[in-house]
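Enquirer: A single structure is presented below for examination.
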Amino acid sequence: MLPKAYEPKEVEQKISNLWKEKQVFKAKIDETKKPYVIVIPPPNITGVLHMGHGLNNTLQDTLVRFHRMNGECANWVPGTDHGGIATQNVIEKKLAKEQHLSRHDLGREKFVQTVWDWYKECGNAIYNQFERMGWALDQSNIRFTMDEARAKSVYASFKNLWDKKYIYRGKRMINWCVRCSTALSDIEVEHDQQNGKLWHLHYKLEDGSDGIIIATTRPETIFADSAIAVNPKDERYKNMVGKKVLIPLINRAIPIIVDEAVELDFGTGALKITPAHDPVDYEVGKRHNLEIISVISDKGKMINLPEKYLGMDRDECRKQTIKDLDAAGLLVKEEKYNHAVSTCYRCNSAIEPYLSEQWFVKMDELAAKALKAVENEEVKFYPANWKAPVMNWLKNIQDWCISRQIWWGHRIPVWYCRHCSKDGLTFTTDKQGKEQLAKVSFENGAKPIISHDKPLCPICGSSDTIQDPDVLDTWFSSALWPMSVFGWPEQTKDLKYYYPTSILVTGYEIIYLWVARMIMMGLEFEGKVPFSEVMLNGIVRDKDGQKMSKSKGNVVDPLDLTQKYGADAVRFSLISQSVLGKDIPYGENSIIGARNFCNKIYNASRFIQMNSEGIEGPLELPAKPKELCDRWIISRYNHAVKQAADELKKYNMAAAADTLYHFLWGDFCDWYIELAKARFNTADKKEVISILINILYGTLKALHPMMPFITEEIAMSLKKYIKNSKEFLIEEDYPVFNPALEDKQAEEEMALLQGVTGQIRTIRAQFNVPPGLKIKVLLSTADTKDLAVLQKYQNYIFAMAKLEAAQMGANLPKPKQTATGVYGTVTVYIPLEGLIDFDKEKARLDKELAIIQNGINNRKRMLDNKNFVNNAPKQQVEKAKAELEEMLLRAQQIKAAKEDLN
RNA sequence: GGGCAGUUGGCGCAGUGGUAGCGCGUCCGCCUCACACGCGGAAGGUCACAGGUUCGAACCCUGUACUGCCCACCA
């Protein structure tokens, strides 16, 4: 005997192994078919997958399976991302915790090797998770952004962009993370509103007289001030311009200058200019040729200032400076001030604007092409409201800082000859005593040699060449992903067949970091957008809508949930809540319904199979069933699968899931199976079983893209009954709408029977008729058609409403001690001697009547309105008329029943 | 400062012009021989607010409020 409840664990393991063994997901080029290609947004190898990956990949899997079942040549390309800074941070933390070592203790080579070792471990865990979630990725060919083929792509694109002079090196004010000790691009910086303070400081004139008061949020940078600036239009300070003031605490004299960048009405209207530590000030400094003084090191420590502050942390120095300013009587005012603070998107610490030499990609031309493509909708966003922000971003784009001062990543493919570039290179010695190239300066004579492998110096022929110490932004390799996965720049068969891909499915939070850049690179290198559609999923949040994070302790682990409820339940619950571009609040409760649905599917199947024993397959859906409920369920099924397919095509995943859920649970289980039960002992049995099995099998096919395991498991046990079934559901055709199976009449007739049944059930429940007690009813209708249906299919009502006997006819008189229900033209009288509570019945009828009366009033108002009758579509007018008629009839019947109670 | 979302029964959400649905929860009755992860029934909403367009608005337009997010060099 099969267990009563579905046990996903073993089933999923078994099915998963089977898929793997039979290589069901292996991509094979088939020129006769249209390719359907998705490249996975490669997860970072920073740890196991989280709920966001669960959602994102489940959506992709659903699409991939769906399209494959629609006859397309599907290829879903798996892989992972080396994850630059994020991964380096993870490994550094791990090293510190487990071995109390820093990366510098290991040295660059060993550290990088450590991360590679980690990749093997973490990558495998991720690939294993892919399998456990049932994602139809072709895992025979896994890509990693750091593997050799992808490294070649990175080199090729760097070389290409360098030759076009799009890549350059320059001294710029960039975003520097003192914790990660690296430059970041503009979009890797987050801006958090924080409660800070605005300090008003007094800068006295050289002669010790009044001077000027400035407002700043960063008093610790006063030591690096080069000037005080005011707006040229500012009358208040006119007489001071050109004079010099003294920096508090150190009494260095700096000039008062004018610059447009200063706002008249902010603070005091006077701005301290610190070119080394603020991007605006840097620009001002350039305009006025001001001295650049750095007082904060790349590690965030104070340098180049009085000994008292030397070596202090930024924050510590700020506190001390304020204290000292206050003591010196130069702190005029301290006010609360809410302002944006830049933070690192990887480690959250405050960003320092930092002047340094970095590598950049010139963006204007790349972005212009992408802008055009987005504007023309060569790339279409779902939901569409992302088009404008993307265009806006592309229009206002800044050059992309691509160098990172970390060790884990694609090392910049630029080399220097130690002889010819001698003056531009700075070396240090690491803890192993090894000489390391620390800094490169083109200004001082470093000459670049672009090369993937260690080159000979093209000038002096020396083999003593050394590679640039920086690595590339991790997004540089990601930008190439849709091409690099197919071996670009080689014009491989795969690239030709699979590129451009069909759709990108990703989260809206990386549109700029990733999506926009892929579009630019795709256009630049292959002349084609990498995907014509972008489907955006939301962020999976906790049940209260908060972002999940380890520090908050509100993380829901997909592995735990999968273990507990099954992968199908996790998948279905995510899909059911996934509306394009919208975040999903997800708690454990979210999954219960999906788990219950799995169980429902399982039990319905179990029941059908129990009753199929001894019946030989194959069983086909009868072409022309004569029984009403057979015609009905086939028609309903036909509509349900069509609607599901239509919704999937529009990327309304939740709507598709909802449709199939309600068809299977409502129509199929609650009505069809219930009605079928009585027929198992009749000559109909084989036909009923045929229908049950075929509709079930078809519904499993329709559900398969969303819940692959349970559908596969059940389908396998049904194969013996199914004609021309394939070994796996993914190889089957997705059910299609068949107009011949549509049966409007059957649907109408069933609706009447269901409605009447509903009336009887309600009354039974209201008057506490014992569930086991079979009752007699009277069904009265003046409508001959309805009457005929009731009479012909009275057995349906008998079974579903537990009747013992029924009297049917036109205008039957209402017996005494009777409860009344009305559905359409039909009045239901239920004699309930001893059970009926007249007051309760009256109240019930009153309420019913009030609702109908409201409806009647509405329709009357509409139909009395000439504008409605003249302007509204005929269909609507007819509908209102019909509804009015029906309501009037019902009202009349209820009124009669009520009067009779008195 | 600019932009984008959201505001629908206790909770979480669907619903883009014809008078509101789903899941969970609640209440009542059932262990009915597939399923109590179940079955049958019920209660519960002036669709944030104010105007406007329309014969008709949860849906379109304008404005307001609140919430969230993104972008932006007022220190």
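A note on labels: chains of the structure tokens are A, B, ... as shown, every chain counts residues from 1, and ligands are counted from 1 in their shown order.
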Distance cut-off 6 Å, counting only C-alpha atoms (C1' of nucleotides) - which residues of chain A neighbour chain B? Return them as a PyMOL selection string.
Expert: chain A and resi 216+266+280+596+603-604+607+762+765+867-868
Enquirer: For the residues selected in the previous step, produce a file with all heavy atoms as an mmCIF file, in the first residue's frame.
Expert:
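Everything below was put into result30.cif:
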```
data_model
loop_
_atom_site.group_PDB
_atom_site.id
_atom_site.type_symbol
_atom_site.label_atom_id
_atom_site.label_comp_id
_atom_site.auth_asym_id
_atom_site.auth_seq_id
_atom_site.Cartn_x
_atom_site.Cartn_y
_atom_site.Cartn_z
ATOM 1 N N THR A 216 30.486 71.656 7.400
ATOM 2 C CA THR A 216 31.019 70.410 6.840
ATOM 3 C C THR A 216 30.483 69.197 7.586
ATOM 4 O O THR A 216 30.111 69.277 8.755
ATOM 5 C CB THR A 216 32.565 70.396 6.896
ATOM 6 O OG1 THR A 216 33.030 69.186 6.305
ATOM 7 C CG2 THR A 216 33.066 70.477 8.331
ATOM 8 N N PHE A 266 23.065 76.802 0.944
ATOM 9 C CA PHE A 266 23.315 75.666 1.820
ATOM 10 C C PHE A 266 24.342 76.053 2.884
ATOM 11 O O PHE A 266 25.319 76.742 2.609
ATOM 12 C CB PHE A 266 23.823 74.458 1.039
ATOM 13 C CG PHE A 266 23.983 73.250 1.915
ATOM 14 C CD1 PHE A 266 22.895 72.415 2.174
ATOM 15 C CD2 PHE A 266 25.182 72.980 2.557
ATOM 16 C CE1 PHE A 266 23.013 71.333 3.019
ATOM 17 C CE2 PHE A 266 25.303 71.891 3.408
ATOM 18 C CZ PHE A 266 24.221 71.068 3.646
ATOM 19 N N VAL A 280 33.707 66.700 -5.759
ATOM 20 C CA VAL A 280 33.388 68.072 -6.178
ATOM 21 C C VAL A 280 34.594 68.965 -5.922
ATOM 22 O O VAL A 280 35.009 69.746 -6.783
ATOM 23 C CB VAL A 280 32.169 68.627 -5.413
ATOM 24 C CG1 VAL A 280 31.928 70.076 -5.811
ATOM 25 C CG2 VAL A 280 30.954 67.777 -5.679
ATOM 26 N N ASN A 596 0.600 21.196 0.184
ATOM 27 C CA ASN A 596 -0.709 20.555 0.200
ATOM 28 C C ASN A 596 -1.177 20.212 -1.216
ATOM 29 O O ASN A 596 -1.821 19.197 -1.441
ATOM 30 C CB ASN A 596 -1.736 21.456 0.884
ATOM 31 C CG ASN A 596 -1.438 21.635 2.357
ATOM 32 O OD1 ASN A 596 -0.551 20.975 2.909
ATOM 33 N ND2 ASN A 596 -2.171 22.531 3.003
ATOM 34 N N ASN A 603 -2.502 12.211 -4.164
ATOM 35 C CA ASN A 603 -3.623 11.376 -3.730
ATOM 36 C C ASN A 603 -4.655 11.153 -4.811
ATOM 37 O O ASN A 603 -5.248 10.077 -4.904
ATOM 38 C CB ASN A 603 -4.260 11.971 -2.480
ATOM 39 C CG ASN A 603 -3.568 11.467 -1.236
ATOM 40 O OD1 ASN A 603 -3.596 10.289 -0.955
ATOM 41 N ND2 ASN A 603 -2.892 12.363 -0.539
ATOM 42 N N ALA A 604 -4.884 12.157 -5.613
ATOM 43 C CA ALA A 604 -5.813 11.982 -6.730
ATOM 44 C C ALA A 604 -5.276 10.907 -7.654
ATOM 45 O O ALA A 604 -6.019 10.019 -8.097
ATOM 46 C CB ALA A 604 -5.972 13.307 -7.473
ATOM 47 N N PHE A 607 -5.557 7.468 -6.133
ATOM 48 C CA PHE A 607 -6.939 6.979 -6.177
ATOM 49 C C PHE A 607 -7.292 6.454 -7.574
ATOM 50 O O PHE A 607 -7.896 5.398 -7.728
ATOM 51 C CB PHE A 607 -7.883 8.123 -5.788
ATOM 52 C CG PHE A 607 -9.330 7.734 -5.814
ATOM 53 C CD1 PHE A 607 -9.821 6.800 -4.921
ATOM 54 C CD2 PHE A 607 -10.191 8.306 -6.734
ATOM 55 C CE1 PHE A 607 -11.168 6.434 -4.947
ATOM 56 C CE2 PHE A 607 -11.542 7.939 -6.758
ATOM 57 C CZ PHE A 607 -12.023 7.008 -5.863
ATOM 58 N N THR A 762 -25.661 24.151 1.000
ATOM 59 C CA THR A 762 -25.706 25.291 1.921
ATOM 60 C C THR A 762 -26.796 25.089 2.963
ATOM 61 O O THR A 762 -26.577 25.263 4.168
ATOM 62 C CB THR A 762 -25.952 26.591 1.147
ATOM 63 O OG1 THR A 762 -24.899 26.775 0.225
ATOM 64 C CG2 THR A 762 -26.025 27.785 2.087
ATOM 65 N N ALA A 765 -25.938 22.514 5.482
ATOM 66 C CA ALA A 765 -24.966 22.982 6.474
ATOM 67 C C ALA A 765 -25.605 23.969 7.442
ATOM 68 O O ALA A 765 -25.376 23.915 8.650
ATOM 69 C CB ALA A 765 -23.778 23.630 5.767
ATOM 70 N N ASN A 867 -28.296 56.483 -22.055
ATOM 71 C CA ASN A 867 -26.903 56.541 -22.486
ATOM 72 C C ASN A 867 -26.243 55.174 -22.437
ATOM 73 O O ASN A 867 -25.458 54.828 -23.307
ATOM 74 C CB ASN A 867 -26.126 57.515 -21.606
ATOM 75 C CG ASN A 867 -26.488 58.933 -21.932
ATOM 76 O OD1 ASN A 867 -26.671 59.278 -23.097
ATOM 77 N ND2 ASN A 867 -26.634 59.742 -20.896
ATOM 78 N N PHE A 868 -26.619 54.423 -21.403
ATOM 79 C CA PHE A 868 -26.062 53.079 -21.313
ATOM 80 C C PHE A 868 -26.585 52.221 -22.453
ATOM 81 O O PHE A 868 -25.836 51.573 -23.166
ATOM 82 C CB PHE A 868 -26.416 52.438 -19.973
ATOM 83 C CG PHE A 868 -26.042 50.978 -19.889
ATOM 84 C CD1 PHE A 868 -24.722 50.598 -19.774
ATOM 85 C CD2 PHE A 868 -27.022 49.986 -19.949
ATOM 86 C CE1 PHE A 868 -24.374 49.256 -19.712
ATOM 87 C CE2 PHE A 868 -26.677 48.653 -19.887
ATOM 88 C CZ PHE A 868 -25.353 48.284 -19.770
#
```
Enquirer: Report as an NGL selection string all protein, DNA and RNA residues lying within 8 Å of Gly522 of chain A, evaluated on only C-alpha atoms (C1' of nucleotides), omitting residues in the same chain fewer than 5 positions from it.
Expert: :A and (480 or 482-483 or 527-530)
Enquirer: Write down as JSON, numbers by chain the residues belonging to segment 126-209 of chain A that are assigned alpha helix (DSSP H) by DSSP computed on the backbone.
Expert: {"A": [126, 127, 128, 129, 130, 131, 132, 148, 149, 150, 151, 152, 153, 154, 155, 156, 157, 158, 159, 160, 161, 162, 163]}
Enquirer: Identify, on the basis of only C-alpha atoms (C1' of nucleotides), every residue whose closest approach to G45 of chain B does not exceed 10 Å; exclude the query and any residue fewer than 5 positions from it along the same chain; express the result as a ChimeraX atom specification.
Expert: /B:8-9,20
Enquirer: Set the distance at 8 Å and use only C-alpha atoms (C1' of nucleotides): which residues neighbour Cys180 of chain A once local chain neighbours fewer than 2 positions away are removed? I'd like the list as a list in words.
Expert: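 The neighbour list is Ile85, Asn89, Cys177, Val178, Thr182, Cys347 and Ile406 of chain A.
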Enquirer: I'd like the contact shell of A57 of chain B - 9 Å cut-off, only C-alpha atoms (C1' of nucleotides), skipping same-chain residues fewer than 3 positions apart - returned as number ranges by chain.
Expert: B: 17, 54, 60
Enquirer: Among the residues of segment 289-416 of chain A, find those DSSP assigns to strand (DSSP E) from the backbone and print them as an NGL selection string.
Expert: :A and (331-344 or 351-361 or 380-382 or 400-401 or 403-404 or 414-416)
Enquirer: How about saving the chosen residues, N, CA and C atoms kept, as an mmCIF file, in the first residue's frame?
Expert:
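Output file selection27.cif follows:
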```
data_model
loop_
_atom_site.group_PDB
_atom_site.id
_atom_site.type_symbol
_atom_site.label_atom_id
_atom_site.label_comp_id
_atom_site.auth_asym_id
_atom_site.auth_seq_id
_atom_site.Cartn_x
_atom_site.Cartn_y
_atom_site.Cartn_z
ATOM 1 N N LEU A 331 34.544 75.664 17.070
ATOM 2 C CA LEU A 331 33.337 74.917 16.679
ATOM 3 C C LEU A 331 32.143 75.804 16.981
ATOM 4 N N VAL A 332 31.536 76.338 15.927
ATOM 5 C CA VAL A 332 30.477 77.332 16.101
ATOM 6 C C VAL A 332 29.143 76.681 16.397
ATOM 7 N N LYS A 333 28.894 75.610 15.686
ATOM 8 C CA LYS A 333 27.572 75.012 15.778
ATOM 9 C C LYS A 333 27.653 73.550 15.379
ATOM 10 N N GLU A 334 26.776 72.772 15.993
ATOM 11 C CA GLU A 334 26.707 71.353 15.617
ATOM 12 C C GLU A 334 25.238 71.049 15.423
ATOM 13 N N GLU A 335 24.841 70.716 14.194
ATOM 14 C CA GLU A 335 23.410 70.425 14.011
ATOM 15 C C GLU A 335 23.213 69.030 13.436
ATOM 16 N N LYS A 336 22.053 68.493 13.766
ATOM 17 C CA LYS A 336 21.722 67.174 13.235
ATOM 18 C C LYS A 336 21.488 67.302 11.743
ATOM 19 N N TYR A 337 21.956 66.338 11.026
ATOM 20 C CA TYR A 337 21.831 66.449 9.583
ATOM 21 C C TYR A 337 21.712 65.069 8.960
ATOM 22 N N ASN A 338 20.605 64.878 8.247
ATOM 23 C CA ASN A 338 20.354 63.608 7.587
ATOM 24 C C ASN A 338 20.880 63.690 6.157
ATOM 25 N N HIS A 339 21.866 62.907 5.859
ATOM 26 C CA HIS A 339 22.420 62.990 4.501
ATOM 27 C C HIS A 339 22.847 61.629 3.978
ATOM 28 N N ALA A 340 23.103 61.596 2.680
ATOM 29 C CA ALA A 340 23.462 60.333 2.040
ATOM 30 C C ALA A 340 24.933 60.027 2.271
ATOM 31 N N VAL A 341 25.192 58.812 2.718
ATOM 32 C CA VAL A 341 26.560 58.372 2.906
ATOM 33 C C VAL A 341 26.816 57.238 1.912
ATOM 34 N N SER A 342 27.937 57.326 1.209
ATOM 35 C CA SER A 342 28.262 56.287 0.236
ATOM 36 C C SER A 342 28.855 55.077 0.938
ATOM 37 N N THR A 343 28.351 53.909 0.577
ATOM 38 C CA THR A 343 28.883 52.695 1.183
ATOM 39 C C THR A 343 29.188 51.648 0.122
ATOM 40 N N CYS A 344 30.047 50.740 0.483
ATOM 41 C CA CYS A 344 30.455 49.659 -0.414
ATOM 42 C C CYS A 344 29.340 48.620 -0.497
ATOM 43 N N ILE A 351 32.552 54.688 1.908
ATOM 44 C CA ILE A 351 33.435 54.857 0.761
ATOM 45 C C ILE A 351 34.253 56.133 0.910
ATOM 46 N N GLU A 352 35.522 56.053 0.555
ATOM 47 C CA GLU A 352 36.339 57.259 0.479
ATOM 48 C C GLU A 352 36.514 57.653 -0.975
ATOM 49 N N PRO A 353 36.261 58.895 -1.299
ATOM 50 C CA PRO A 353 36.690 59.358 -2.623
ATOM 51 C C PRO A 353 38.209 59.324 -2.597
ATOM 52 N N TYR A 354 38.816 58.780 -3.601
ATOM 53 C CA TYR A 354 40.249 58.527 -3.509
ATOM 54 C C TYR A 354 40.869 58.771 -4.873
ATOM 55 N N LEU A 355 41.939 59.510 -4.848
ATOM 56 C CA LEU A 355 42.591 59.855 -6.097
ATOM 57 C C LEU A 355 43.618 58.784 -6.431
ATOM 58 N N SER A 356 43.434 58.116 -7.550
ATOM 59 C CA SER A 356 44.408 57.097 -7.892
ATOM 60 C C SER A 356 44.372 56.786 -9.379
ATOM 61 N N GLU A 357 45.376 56.041 -9.814
ATOM 62 C CA GLU A 357 45.420 55.633 -11.217
ATOM 63 C C GLU A 357 44.636 54.352 -11.370
ATOM 64 N N GLN A 358 43.716 54.375 -12.301
ATOM 65 C CA GLN A 358 42.877 53.199 -12.506
ATOM 66 C C GLN A 358 42.651 52.988 -13.988
ATOM 67 N N TRP A 359 42.148 51.807 -14.298
ATOM 68 C CA TRP A 359 41.777 51.487 -15.687
ATOM 69 C C TRP A 359 40.302 51.797 -15.889
ATOM 70 N N PHE A 360 40.016 52.362 -17.046
ATOM 71 C CA PHE A 360 38.625 52.723 -17.348
ATOM 72 C C PHE A 360 38.234 52.240 -18.737
ATOM 73 N N VAL A 361 36.933 52.068 -18.904
ATOM 74 C CA VAL A 361 36.396 51.861 -20.250
ATOM 75 C C VAL A 361 35.581 53.101 -20.594
ATOM 76 N N LYS A 380 13.590 43.981 -25.042
ATOM 77 C CA LYS A 380 12.321 44.381 -24.450
ATOM 78 C C LYS A 380 12.295 43.965 -22.995
ATOM 79 N N PHE A 381 11.871 44.875 -22.154
ATOM 80 C CA PHE A 381 11.845 44.567 -20.728
ATOM 81 C C PHE A 381 10.445 44.143 -20.276
ATOM 82 N N TYR A 382 10.426 43.148 -19.442
ATOM 83 C CA TYR A 382 9.183 42.715 -18.784
ATOM 84 C C TYR A 382 9.393 42.796 -17.288
ATOM 85 N N TRP A 400 33.620 53.644 -17.067
ATOM 86 C CA TRP A 400 33.547 52.500 -16.153
ATOM 87 C C TRP A 400 34.943 52.195 -15.603
ATOM 88 N N CYS A 401 35.072 52.312 -14.303
ATOM 89 C CA CYS A 401 36.334 51.962 -13.660
ATOM 90 C C CYS A 401 36.389 50.446 -13.528
ATOM 91 N N SER A 403 39.329 48.515 -12.926
ATOM 92 C CA SER A 403 40.418 47.880 -12.173
ATOM 93 C C SER A 403 40.066 47.756 -10.701
ATOM 94 N N ARG A 404 40.480 46.656 -10.130
ATOM 95 C CA ARG A 404 40.242 46.410 -8.707
ATOM 96 C C ARG A 404 41.556 45.993 -8.067
ATOM 97 N N VAL A 414 47.816 43.193 -19.013
ATOM 98 C CA VAL A 414 48.784 44.204 -19.402
ATOM 99 C C VAL A 414 50.085 43.917 -18.659
ATOM 100 N N TRP A 415 51.157 43.952 -19.386
ATOM 101 C CA TRP A 415 52.458 43.623 -18.828
ATOM 102 C C TRP A 415 53.415 44.792 -19.008
ATOM 103 N N TYR A 416 54.484 44.769 -18.225
ATOM 104 C CA TYR A 416 55.490 45.810 -18.337
ATOM 105 C C TYR A 416 56.865 45.163 -18.348
#
```
Enquirer: Find the residue from A:Leu628, A:Thr827, A:Cys417, A:Asn128 that sits nearest to Asn795 of chain A; use only C-alpha atoms when measuring.
Expert: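 Going through A:Leu628, A:Thr827, A:Cys417, A:Asn128 one by one, the smallest distance to Asn795 of chain A is for A:Leu628.
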Enquirer: I'd like the neighbourhood of Leu305 of chain A as a list in words, where a residue qualifies if any of its atoms comes within 9 Å (using only C-alpha atoms (C1' of nucleotides)), though same-chain residues fewer than 4 positions away should be ignored.
Expert: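 Contacts, with the query itself left out: Phe223, Ala224, Ile250, Val295, Tyr309 and Leu310 of chain A.
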Enquirer: List as a list in words the protein and nucleic acid residues near Lys272 of chain A, meaning an atom at most 8 Å away when only C-alpha atoms (C1' of nucleotides) are counted, but skip any in the same chain fewer than 5 places from it.
Expert: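 The residues satisfying every condition are Ile214, Ala215, Thr216, Ile222, Asp225, Ser226, Ala227, Ile228 and Ala229 of chain A; A75 of chain B.
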Enquirer: Produce a file of the selected residues containing N, CA, C and O atoms (P, O5', C5', C4', C3', O3' and C1' of nucleotides), as a PDB file, in the first residue's frame.
Expert:
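Result went into part.pdb, see below:
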```pdb
ATOM      1  N   ILE A 214      32.341  77.909   7.871  1.00  0.00           N
ATOM      2  CA  ILE A 214      31.925  76.930   6.861  1.00  0.00           C
ATOM      3  C   ILE A 214      31.154  75.803   7.549  1.00  0.00           C
ATOM      4  O   ILE A 214      31.241  75.620   8.766  1.00  0.00           O
ATOM      5  N   ALA A 215      30.407  75.083   6.746  1.00  0.00           N
ATOM      6  CA  ALA A 215      29.688  73.915   7.267  1.00  0.00           C
ATOM      7  C   ALA A 215      30.240  72.667   6.615  1.00  0.00           C
ATOM      8  O   ALA A 215      30.474  72.640   5.404  1.00  0.00           O
ATOM      9  N   THR A 216      30.486  71.656   7.400  1.00  0.00           N
ATOM     10  CA  THR A 216      31.019  70.410   6.840  1.00  0.00           C
ATOM     11  C   THR A 216      30.483  69.197   7.586  1.00  0.00           C
ATOM     12  O   THR A 216      30.111  69.277   8.755  1.00  0.00           O
ATOM     13  N   ILE A 222      39.752  68.648   7.439  1.00  0.00           N
ATOM     14  CA  ILE A 222      40.196  70.048   7.380  1.00  0.00           C
ATOM     15  C   ILE A 222      41.701  70.144   7.164  1.00  0.00           C
ATOM     16  O   ILE A 222      42.186  71.098   6.569  1.00  0.00           O
ATOM     17  N   ASP A 225      42.548  70.684   3.622  1.00  0.00           N
ATOM     18  CA  ASP A 225      41.930  71.801   2.904  1.00  0.00           C
ATOM     19  C   ASP A 225      42.946  72.574   2.084  1.00  0.00           C
ATOM     20  O   ASP A 225      44.086  72.771   2.511  1.00  0.00           O
ATOM     21  N   SER A 226      42.481  73.007   0.902  1.00  0.00           N
ATOM     22  CA  SER A 226      43.354  73.821   0.062  1.00  0.00           C
ATOM     23  C   SER A 226      42.794  75.219  -0.161  1.00  0.00           C
ATOM     24  O   SER A 226      43.484  76.091  -0.665  1.00  0.00           O
ATOM     25  N   ALA A 227      41.523  75.393   0.152  1.00  0.00           N
ATOM     26  CA  ALA A 227      40.896  76.704  -0.058  1.00  0.00           C
ATOM     27  C   ALA A 227      39.535  76.716   0.603  1.00  0.00           C
ATOM     28  O   ALA A 227      39.032  75.684   1.059  1.00  0.00           O
ATOM     29  N   ILE A 228      38.969  77.911   0.667  1.00  0.00           N
ATOM     30  CA  ILE A 228      37.556  78.052   1.015  1.00  0.00           C
ATOM     31  C   ILE A 228      36.909  78.663  -0.208  1.00  0.00           C
ATOM     32  O   ILE A 228      37.445  79.625  -0.780  1.00  0.00           O
ATOM     33  N   ALA A 229      35.778  78.094  -0.628  1.00  0.00           N
ATOM     34  CA  ALA A 229      35.131  78.629  -1.824  1.00  0.00           C
ATOM     35  C   ALA A 229      33.773  79.188  -1.485  1.00  0.00           C
ATOM     36  O   ALA A 229      33.057  78.663  -0.622  1.00  0.00           O
TER      37      ALA A 229
ATOM     38  P     A B  75      25.091  66.940   0.905  1.00  0.00           P
ATOM     39  O5'   A B  75      26.330  66.985   1.901  1.00  0.00           O
ATOM     40  C5'   A B  75      26.845  68.213   2.286  1.00  0.00           C
ATOM     41  C4'   A B  75      28.237  68.287   1.745  1.00  0.00           C
ATOM     42  C3'   A B  75      29.278  68.293   2.840  1.00  0.00           C
ATOM     43  O3'   A B  75      30.353  67.422   2.493  1.00  0.00           O
ATOM     44  C1'   A B  75      29.378  70.295   1.551  1.00  0.00           C
TER      45        A B  75
END
```
Enquirer: Give the answer as one residue: which of A:Asp733, A:Glu316, A:Glu524, A:Asp464 has the shortest atom-to-atom distance to Ala367 of chain A, using only C-alpha atoms?
Expert: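 Going through A:Asp733, A:Glu316, A:Glu524, A:Asp464 one by one, the smallest distance to Ala367 of chain A is for A:Glu524.
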Enquirer: Which distance in Å separates atom CA of Leu559 of chain A and atom CA of Arg541 of chain A, to one decimal?
Expert: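 Atom-to-atom, atom CA of Leu559 of chain A to atom CA of Arg541 of chain A, that is 16.3 Å.
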Enquirer: Can you work out the spacing between atom CA of Asn251 of chain A and atom CA of Ala327 of chain A in Å, to one decimal?
Expert: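 Distance reported for this atom pair: 15.1 Å.
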Enquirer: Between A:Glu848, A:Ile254, A:Thr221, A:Pro383, which has the minimum distance to Met302 of chain A (counting only C-alpha atoms)?
Expert: A:Thr221
Enquirer: What gap, in Å, lies between atom CA of Trp481 of chain A and atom CA of Cys122 of chain A?
Expert: 20.1 Å
